[in-house]
Amino acid sequence: AYFVLHALEFLEQNGRLAMLVPEAILQADYASSVRAALQQRFHQVRLIHLRQRLFAGTSEPVVVIAAEGFGTSGSLDVLSVDTPDELGAILKGKSHAAQGTILPNGRRISSGALQVLTTINSSGHTRAFGDLATPRIGIVTGANNHFIRSAIELEDIGISAPARIPILSRTKWLRGLEFTQSDHEALAGEGARAFLVRPNPALEQSPGVLRWIEEGERAGVDRRYKCAMREAWYRVELMAKPDAFVTSTRLGPPLLVLNRGAFRCTNALYSASWSPRCEMAPEIIAVGFMTTFVALWSELHGRRYGGGVLKVDLRALCRLPVPVVPEASSAYGAINEALRRGEEGAARELADDSVLRRGLGMSCRDIVLMRDALTELIRQRVPTAEES
């Protein structure tokens, strides 16, 4: 951002500027001032999102700044292309960007799908997730390798069960619409790091806990920022048991998973507690969250990161509209089973049929429009094997 703004000091009247910059110029909070500065100083600014990765060994998408007419304010347009050849054709005036609506963050979507999305959002049958629940960042340990351990490691050290808190630390552990005691036991049995070490004062002098504390101090864990802030560096602050977990960063669309046990999560996930004002059964919310509508909205409002992952930050998650249809809870079991089989596409189709088609009366054509748009947005976001 500073480099782009500093470069403007070296342009003459009517000069031009061309740069390759990260996709952050379209989606980071601080980038709005950069875009405003460009528009105020150039007659025409084009920010052209290029899907194909340009540099070997990198996963960051590129945006091309193409600005001309320095010295007068004008227009700023966001375009999107797939290949450098398409980019070259546009810059030479020999072609136009692909058809569809281009949003300010560079997302390209068909006008039909955008209209369907708008219709559902204004139907009166959606609720902002922030009205249904309070999402928070999961537990920040300050040193996951020290605090999050497997059952085998804890046995070797001598950490007893009362000093262990069952915890979720990986997005890929969420394989259904709910996370149960059986799920956690299976992960622990496979050797996953599924326990948070948190000794209470009565256990601090036990031999195993003392060994674990000394191990951390030898490694300098006690001097890390988050740890040093605690009264006892080795006692992580616990949040209340959440009602559900929500993925924050994922290659696919975000997932909402109900907490069927006394589990917490690390900051790799969001924890969510139902609002006292929420009168909806959790299963209704979980099914609505699984629809293509929610997935498509997330693609349009989330942030893309290196490697093609999609991040839905807390502010976006609170605004995320969830279609709620009480009758849709009957589909909960089938959707949960489909997800557990690894059939996420089939699970989303079941949710669409239950919530969007039967619940909201959407036509199959409109649902297909959204699915096609979702597929295209994921294609724009996730690099192919050749590109990565």
# chains A, B, ... in the order shown; residues from 1 in each chain; ligands from 1
$ residues_around --residues "region 9-15 of chain A" --least-positions-apart "3" --cutoff "12 Å" --atoms "only C-alpha atoms" --output "ChimeraX atom specification"
/A:2-6,18,41-44,66-73
$ write_last_selection --atoms "all heavy atoms" --output "short mmCIF file (atom, residue, chain, number, x, y, z; two decimals), in the first residue's frame"
data_model
loop_
_atom_site.label_atom_id
_atom_site.label_comp_id
_atom_site.auth_asym_id
_atom_site.auth_seq_id
_atom_site.Cartn_x
_atom_site.Cartn_y
_atom_site.Cartn_z
N TYR A 2 1.89 1.28 0.86
CA TYR A 2 2.76 2.46 0.92
C TYR A 2 3.52 2.64 -0.39
O TYR A 2 3.73 3.76 -0.86
CB TYR A 2 3.74 2.33 2.08
CG TYR A 2 3.09 2.39 3.43
CD1 TYR A 2 3.16 1.31 4.31
CD2 TYR A 2 2.39 3.52 3.84
CE1 TYR A 2 2.56 1.36 5.56
CE2 TYR A 2 1.79 3.58 5.09
CZ TYR A 2 1.88 2.50 5.94
OH TYR A 2 1.28 2.55 7.16
N PHE A 3 3.94 1.54 -0.98
CA PHE A 3 4.71 1.62 -2.23
C PHE A 3 3.85 2.21 -3.35
O PHE A 3 4.32 3.05 -4.13
CB PHE A 3 5.22 0.23 -2.62
CG PHE A 3 6.18 0.23 -3.77
CD1 PHE A 3 7.53 0.46 -3.56
CD2 PHE A 3 5.73 0.00 -5.06
CE1 PHE A 3 8.42 0.46 -4.62
CE2 PHE A 3 6.62 0.00 -6.13
CZ PHE A 3 7.97 0.24 -5.90
N VAL A 4 2.60 1.75 -3.44
CA VAL A 4 1.71 2.27 -4.47
C VAL A 4 1.50 3.77 -4.29
O VAL A 4 1.61 4.56 -5.25
CB VAL A 4 0.35 1.54 -4.43
CG1 VAL A 4 -0.66 2.22 -5.36
CG2 VAL A 4 0.51 0.08 -4.84
N LEU A 5 1.23 4.19 -3.06
CA LEU A 5 0.98 5.61 -2.82
C LEU A 5 2.24 6.45 -3.04
O LEU A 5 2.17 7.56 -3.59
CB LEU A 5 0.47 5.80 -1.39
CG LEU A 5 -0.90 5.17 -1.09
CD1 LEU A 5 -1.24 5.31 0.38
CD2 LEU A 5 -1.99 5.78 -1.95
N HIS A 6 3.39 5.92 -2.64
CA HIS A 6 4.64 6.65 -2.84
C HIS A 6 4.96 6.81 -4.32
O HIS A 6 5.52 7.84 -4.75
CB HIS A 6 5.78 5.91 -2.13
CG HIS A 6 7.09 6.66 -2.14
ND1 HIS A 6 7.22 7.93 -1.62
CD2 HIS A 6 8.31 6.31 -2.60
CE1 HIS A 6 8.48 8.33 -1.76
NE2 HIS A 6 9.16 7.36 -2.36
N ALA A 18 1.25 1.36 -13.94
CA ALA A 18 0.92 -0.07 -14.07
C ALA A 18 1.68 -0.83 -13.01
O ALA A 18 2.90 -0.67 -12.88
CB ALA A 18 1.28 -0.58 -15.47
N ARG A 41 -6.80 10.59 -8.23
CA ARG A 41 -5.63 11.12 -8.94
C ARG A 41 -5.53 10.71 -10.41
O ARG A 41 -4.66 11.19 -11.12
CB ARG A 41 -4.35 10.70 -8.20
CG ARG A 41 -4.17 11.40 -6.86
CD ARG A 41 -3.07 10.75 -6.06
NE ARG A 41 -2.75 11.48 -4.84
CZ ARG A 41 -3.46 11.44 -3.73
NH1 ARG A 41 -4.55 10.69 -3.67
NH2 ARG A 41 -3.10 12.14 -2.67
N PHE A 42 -6.39 9.81 -10.85
CA PHE A 42 -6.35 9.35 -12.23
C PHE A 42 -7.71 9.50 -12.90
O PHE A 42 -8.75 9.33 -12.26
CB PHE A 42 -5.92 7.89 -12.31
CG PHE A 42 -4.48 7.63 -11.98
CD1 PHE A 42 -4.10 7.29 -10.69
CD2 PHE A 42 -3.49 7.77 -12.96
CE1 PHE A 42 -2.78 7.06 -10.39
CE2 PHE A 42 -2.16 7.54 -12.65
CZ PHE A 42 -1.80 7.18 -11.36
N HIS A 43 -7.66 9.79 -14.20
CA HIS A 43 -8.90 9.90 -14.97
C HIS A 43 -9.59 8.55 -15.09
O HIS A 43 -10.82 8.47 -15.03
CB HIS A 43 -8.59 10.45 -16.37
CG HIS A 43 -9.80 10.53 -17.25
ND1 HIS A 43 -10.85 11.40 -17.00
CD2 HIS A 43 -10.15 9.83 -18.37
CE1 HIS A 43 -11.78 11.24 -17.93
NE2 HIS A 43 -11.38 10.30 -18.77
N GLN A 44 -8.79 7.48 -15.24
CA GLN A 44 -9.37 6.14 -15.32
C GLN A 44 -8.47 5.15 -14.59
O GLN A 44 -7.26 5.11 -14.82
CB GLN A 44 -9.53 5.68 -16.78
CG GLN A 44 -10.17 4.29 -16.88
CD GLN A 44 -10.20 3.77 -18.31
OE1 GLN A 44 -9.20 3.81 -19.02
NE2 GLN A 44 -11.36 3.29 -18.74
N ALA A 66 -4.02 -0.69 -13.57
CA ALA A 66 -3.80 -0.02 -14.85
C ALA A 66 -4.49 1.33 -14.79
O ALA A 66 -5.72 1.40 -14.90
CB ALA A 66 -4.34 -0.86 -16.00
N ALA A 67 -3.72 2.39 -14.56
CA ALA A 67 -4.29 3.72 -14.35
C ALA A 67 -3.70 4.70 -15.35
O ALA A 67 -2.51 4.65 -15.66
CB ALA A 67 -4.02 4.19 -12.93
N GLU A 68 -4.53 5.62 -15.84
CA GLU A 68 -4.04 6.61 -16.81
C GLU A 68 -4.73 7.95 -16.58
O GLU A 68 -5.79 8.01 -15.95
CB GLU A 68 -4.29 6.13 -18.24
CG GLU A 68 -5.73 5.77 -18.56
CD GLU A 68 -5.86 5.16 -19.94
OE1 GLU A 68 -5.46 5.83 -20.91
OE2 GLU A 68 -6.33 4.02 -20.04
N GLY A 69 -4.09 9.00 -17.09
CA GLY A 69 -4.64 10.35 -16.93
C GLY A 69 -4.37 10.92 -15.56
O GLY A 69 -5.27 11.45 -14.90
N PHE A 70 -3.10 10.85 -15.11
CA PHE A 70 -2.76 11.34 -13.78
C PHE A 70 -2.99 12.84 -13.70
O PHE A 70 -2.67 13.59 -14.63
CB PHE A 70 -1.29 11.03 -13.47
CG PHE A 70 -0.86 11.45 -12.10
CD1 PHE A 70 -1.26 10.74 -10.98
CD2 PHE A 70 -0.06 12.58 -11.92
CE1 PHE A 70 -0.86 11.12 -9.71
CE2 PHE A 70 0.34 12.97 -10.65
CZ PHE A 70 -0.07 12.23 -9.53
N GLY A 71 -3.56 13.27 -12.60
CA GLY A 71 -3.77 14.70 -12.37
C GLY A 71 -5.22 15.10 -12.29
O GLY A 71 -5.53 16.21 -11.84
N THR A 72 -6.13 14.21 -12.70
CA THR A 72 -7.56 14.51 -12.60
C THR A 72 -8.28 13.29 -12.03
O THR A 72 -7.91 12.15 -12.31
CB THR A 72 -8.16 14.85 -13.98
OG1 THR A 72 -7.95 13.75 -14.87
CG2 THR A 72 -7.53 16.10 -14.56
N SER A 73 -9.31 13.53 -11.25
CA SER A 73 -10.07 12.41 -10.70
C SER A 73 -11.01 11.84 -11.75
O SER A 73 -11.39 12.52 -12.71
CB SER A 73 -10.87 12.87 -9.47
OG SER A 73 -11.82 13.85 -9.86
#
$ select_by_dssp --residues "region 307-357 of chain A" --states "alpha helix (DSSP H)" --output "ChimeraX atom specification"
/A:314-319,332-340,344-351
$ atom_distance --atom1 "CA of Arg235 (chain A)" --atom2 "CA of Leu317 (chain A)"
29.5 Å
$ atom_distance --atom1 "CA of Ala28 (chain A)" --atom2 "CA of Leu296 (chain A)"
19.8 Å
$ residues_around --residues "Arg149 (chain A)" --least-positions-apart "2" --cutoff "9 Å" --atoms "only C-alpha atoms" --output "compact mmCIF listing (two decimals) with N, CA, C and O atoms, in the first residue's frame"
# COMPACT_ATOMS: atom_id res chain seq x y z
N ASN A 144 0.55 -23.68 20.68
CA ASN A 144 -0.27 -24.88 20.52
C ASN A 144 0.53 -26.17 20.68
O ASN A 144 0.03 -27.15 21.24
N ASN A 145 1.75 -26.20 20.21
CA ASN A 145 2.54 -27.43 20.29
C ASN A 145 2.79 -27.85 21.74
O ASN A 145 2.96 -29.04 22.03
N HIS A 146 2.83 -26.88 22.62
CA HIS A 146 3.05 -27.20 24.03
C HIS A 146 1.73 -27.53 24.75
O HIS A 146 1.69 -28.46 25.57
N PHE A 147 0.69 -26.79 24.44
CA PHE A 147 -0.56 -26.94 25.19
C PHE A 147 -1.50 -28.00 24.61
O PHE A 147 -2.26 -28.61 25.36
N ALA A 151 -3.25 -38.06 23.40
CA ALA A 151 -3.39 -38.88 24.60
C ALA A 151 -2.11 -39.64 24.90
O ALA A 151 -1.71 -39.78 26.07
N ILE A 152 -1.41 -40.11 23.86
CA ILE A 152 -0.17 -40.85 24.05
C ILE A 152 0.90 -39.96 24.68
O ILE A 152 1.61 -40.36 25.62
N GLU A 153 1.02 -38.73 24.17
CA GLU A 153 2.00 -37.79 24.72
C GLU A 153 1.71 -37.51 26.20
O GLU A 153 2.63 -37.47 27.04
N LEU A 154 0.44 -37.31 26.51
CA LEU A 154 0.07 -36.99 27.89
C LEU A 154 0.34 -38.15 28.84
O LEU A 154 0.73 -37.95 29.99
N ALA A 192 -4.54 -38.14 17.42
CA ALA A 192 -4.65 -36.71 17.16
C ALA A 192 -4.38 -35.89 18.41
O ALA A 192 -4.62 -36.34 19.54
N ARG A 193 -3.87 -34.70 18.21
CA ARG A 193 -3.66 -33.77 19.33
C ARG A 193 -5.02 -33.16 19.68
O ARG A 193 -5.41 -32.13 19.14
N ALA A 194 -5.72 -33.81 20.56
CA ALA A 194 -7.12 -33.48 20.83
C ALA A 194 -7.38 -33.08 22.27
O ALA A 194 -8.53 -33.04 22.70
N PHE A 195 -6.32 -32.77 23.03
CA PHE A 195 -6.49 -32.39 24.44
C PHE A 195 -5.69 -31.13 24.75
O PHE A 195 -4.53 -31.00 24.36
N LEU A 196 -6.33 -30.23 25.47
CA LEU A 196 -5.68 -29.04 25.99
C LEU A 196 -5.20 -29.33 27.41
O LEU A 196 -6.00 -29.77 28.25
N VAL A 197 -3.92 -29.12 27.68
CA VAL A 197 -3.40 -29.29 29.04
C VAL A 197 -3.73 -28.03 29.84
O VAL A 197 -3.32 -26.93 29.48
$ select_by_dssp --residues "region 63-281 of chain A" --states "strand (DSSP E)" --output "PyMOL selection string"
chain A and resi 63-70+75-81+101-102+108-109+126-128+133-137+148-149+164-168+178-179+195-197+244-247+249-250+256-259+264-265+269-274
$ residues_around --residues "region 260-270 of chain A" --least-positions-apart "2" --cutoff "10 Å" --atoms "only C-alpha atoms" --output "ChimeraX atom specification"
/A:134-141,144,148,165-171,178-184,194-196,238-249,256-258,272,313-314,317
$ atom_distance --atom1 "CA of Leu20 (chain A)" --atom2 "CA of Arg250 (chain A)"
26.0 Å
$ residues_around --residues "Leu114 (chain A)" --least-positions-apart "4" --cutoff "10 Å" --atoms "only C-alpha atoms" --output "list in words"
Gly100, Thr101, Arg108, Ile109, Ser110, Thr118, Thr119, Leu296, Trp297, Leu300, Leu369, Met370 and Ala373 of chain A
$ closest_residue --among "A:Ala24, A:Ala37, A:Ala186, A:Ala31" --to "Ala7 (chain A)" --atoms "only C-alpha atoms"
A:Ala37
$ residues_around --residues "Val324 (chain A)" --least-positions-apart "2" --cutoff "8 Å" --atoms "only C-alpha atoms" --output "VMD selection string"
chain A and resid 125 to 127 284 to 285 288 322 326 328 355
$ residues_around --residues "Glu23 (chain A)" --least-positions-apart "4" --cutoff "10 Å" --atoms "only C-alpha atoms" --output "ChimeraX atom specification"
/A:27-28,31,47-51,60-64,105-106,303-306
$ closest_residue --among "A:Asp85, A:Asp222, A:Asp131, A:Glu215" --to "Pro276 (chain A)" --atoms "only C-alpha atoms"
A:Asp131
$ closest_residue --among "A:Val34, A:Leu17, A:Ala133, A:Ala143" --to "Ser273 (chain A)" --atoms "only C-alpha atoms"
A:Ala133
$ closest_residue --among "A:Lys226, A:Arg175, A:Arg164, A:Arg348" --to "Phe289 (chain A)" --atoms "only C-alpha atoms"
A:Arg348
$ closest_residue --among "A:Leu54, A:Val382, A:Glu283, A:Pro104" --to "Pro84 (chain A)" --atoms "only C-alpha atoms"
A:Leu54
$ closest_residue --among "A:Gly361, A:Asp82, A:Gly142, A:His301" --to "Ala228 (chain A)" --atoms "only C-alpha atoms"
A:Gly142
